[in-house]
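Data file: model_12.cif. Format and content: mmCIF, C-alpha atoms, pLDDT in the B column; chains and numbers go by the auth columns.
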```cif
data_start
loop_
_atom_site.group_PDB
_atom_site.id
_atom_site.type_symbol
_atom_site.label_atom_id
_atom_site.label_comp_id
_atom_site.label_asym_id
_atom_site.label_seq_id
_atom_site.Cartn_x
_atom_site.Cartn_y
_atom_site.Cartn_z
_atom_site.B_iso_or_equiv
_atom_site.auth_seq_id
_atom_site.auth_asym_id
ATOM 1 C CA MET A 1 3.789 22.875 21.000 77.00 33 X
ATOM 2 C CA THR A 2 1.227 20.666 19.287 83.00 34 X
ATOM 3 C CA VAL A 3 0.044 21.599 15.832 84.00 35 X
ATOM 4 C CA LYS A 4 -2.659 19.752 13.910 88.00 36 X
ATOM 5 C CA LEU A 5 -3.191 20.233 10.210 86.00 37 X
ATOM 6 C CA MET A 6 -5.993 18.676 8.206 89.00 38 X
ATOM 7 C CA VAL A 7 -5.981 18.729 4.424 88.00 39 X
ATOM 8 C CA LEU A 8 -9.063 17.791 2.425 88.00 40 X
ATOM 9 C CA TYR A 9 -9.096 17.164 -1.301 88.00 41 X
ATOM 10 C CA THR A 10 -12.028 16.955 -3.684 88.00 42 X
ATOM 11 C CA GLN A 11 -12.849 13.578 -5.195 86.00 43 X
ATOM 12 C CA PRO A 12 -10.123 12.910 -7.791 89.00 44 X
ATOM 13 C CA VAL A 13 -11.027 11.673 -11.251 93.00 45 X
ATOM 14 C CA ASP A 14 -8.520 8.826 -10.939 94.00 46 X
ATOM 15 C CA GLY A 15 -8.264 7.746 -7.312 89.00 47 X
ATOM 16 C CA ASP A 16 -5.452 5.273 -7.919 92.00 48 X
ATOM 17 C CA ALA A 17 -3.297 7.887 -9.682 95.00 49 X
ATOM 18 C CA PHE A 18 -3.990 10.341 -6.856 93.00 50 X
ATOM 19 C CA ASP A 19 -2.915 7.788 -4.237 92.00 51 X
ATOM 20 C CA GLU A 20 0.223 6.912 -6.191 95.00 52 X
ATOM 21 C CA HIS A 21 1.188 10.589 -6.487 95.00 53 X
ATOM 22 C CA TYR A 22 0.387 11.294 -2.835 93.00 54 X
ATOM 23 C CA VAL A 23 2.455 8.370 -1.562 93.00 55 X
ATOM 24 C CA GLY A 24 5.292 8.951 -4.019 96.00 56 X
ATOM 25 C CA VAL A 25 5.571 12.744 -3.750 96.00 57 X
ATOM 26 C CA HIS A 26 3.735 14.195 -0.772 93.00 58 X
ATOM 27 C CA ALA A 27 4.468 11.524 1.837 93.00 59 X
ATOM 28 C CA PRO A 28 8.270 11.899 1.486 95.00 60 X
ATOM 29 C CA LEU A 29 7.909 15.681 1.860 95.00 61 X
ATOM 30 C CA VAL A 30 5.911 15.199 5.049 93.00 62 X
ATOM 31 C CA GLU A 31 8.494 12.746 6.385 94.00 63 X
ATOM 32 C CA ALA A 32 11.194 15.396 5.883 96.00 64 X
ATOM 33 C CA VAL A 33 9.507 17.971 8.171 92.00 65 X
ATOM 34 C CA PRO A 34 11.937 18.688 11.035 93.00 66 X
ATOM 35 C CA GLY A 35 10.636 17.702 14.465 90.00 67 X
ATOM 36 C CA LEU A 36 7.697 15.754 13.079 90.00 68 X
ATOM 37 C CA GLU A 37 6.633 13.135 15.580 91.00 69 X
ATOM 38 C CA ARG A 38 3.719 11.562 13.758 91.00 70 X
ATOM 39 C CA TRP A 39 1.547 11.901 10.690 92.00 71 X
ATOM 40 C CA GLU A 40 -1.478 10.052 9.424 92.00 72 X
ATOM 41 C CA SER A 41 -3.221 9.652 6.124 90.00 73 X
ATOM 42 C CA ALA A 42 -6.706 8.291 5.535 88.00 74 X
ATOM 43 C CA ARG A 43 -9.057 7.817 2.647 84.00 75 X
ATOM 44 C CA VAL A 44 -12.758 8.476 2.992 80.00 76 X
ATOM 45 C CA VAL A 45 -14.967 6.107 1.063 78.00 77 X
ATOM 46 C CA ARG A 46 -18.623 6.384 0.273 74.00 78 X
ATOM 47 C CA SER A 47 -21.020 4.556 2.497 73.00 79 X
ATOM 48 C CA ARG A 48 -24.678 3.769 2.144 73.00 80 X
ATOM 49 C CA ARG A 49 -27.033 6.577 3.046 72.00 81 X
ATOM 50 C CA ARG A 50 -29.149 6.306 6.119 68.00 82 X
ATOM 51 C CA ARG A 51 -32.845 6.320 5.462 64.00 83 X
#
```
Rewrite the structure from the file as structure tokens, please.
Amino acid sequence: MTVKLMVLYTQPVDGDAFDEHYVGVHAPLVEAVPGLERWESARVVRSRRRR
């Protein structure tokens, strides 16, 4: 069975602190999920608006 889960967060006040917490706390929890084959994390950055 394939399951996909997407989690979106609002823009944090301190992006670096958010990343540090995510990598230090949440990533190890994800790694501990039994049967997990793969997980990904990405950061969306602002781009210029199209005119």
Legend entry - Non-local contacts of segment 34-37 of chain X (12 Å; all atoms listed in the file; under 5 positions in same chain excluded) as number ranges by chain: X: 62, 67-73
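Picture a line from atom CA of Arg81 of chain X to atom CA of Glu52 of chain X; it runs 28.8 Å.
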Legend entry - Shell around Ala74 of chain X at 12 Å using all atoms listed in the file, local window under 3 positions removed, as a ChimeraX atom specification: /X:38-41,51,54-55,71,77
Inset, instruction - Can you work out the spacing between atom CA of Pro44 of chain X and atom CA of Val76 of chain X in Å, to one decimal? - result: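 Computing the Euclidean distance for atom CA of Pro44 of chain X and atom CA of Val76 of chain X yields 12.0 Å.
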Inset, instruction - Could you check how far atom CA of Val45 of chain X sits from atom CA of Val65 of chain X, in Å to one decimal? - result: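 That distance, rounded to one decimal, is 29.0 Å.
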Would you compute, for all listed atoms of segment 35-46 of chain X, the axis-aligned bounding box grown by 5 Å on each side, and then report its centre and edge lengths in Å rounded to one decimal, as JSON?
```
{"center_x": -6.4, "center_y": 15.2, "center_z": 2.3, "size_x": 22.9, "size_y": 22.8, "size_z": 37.1}
```
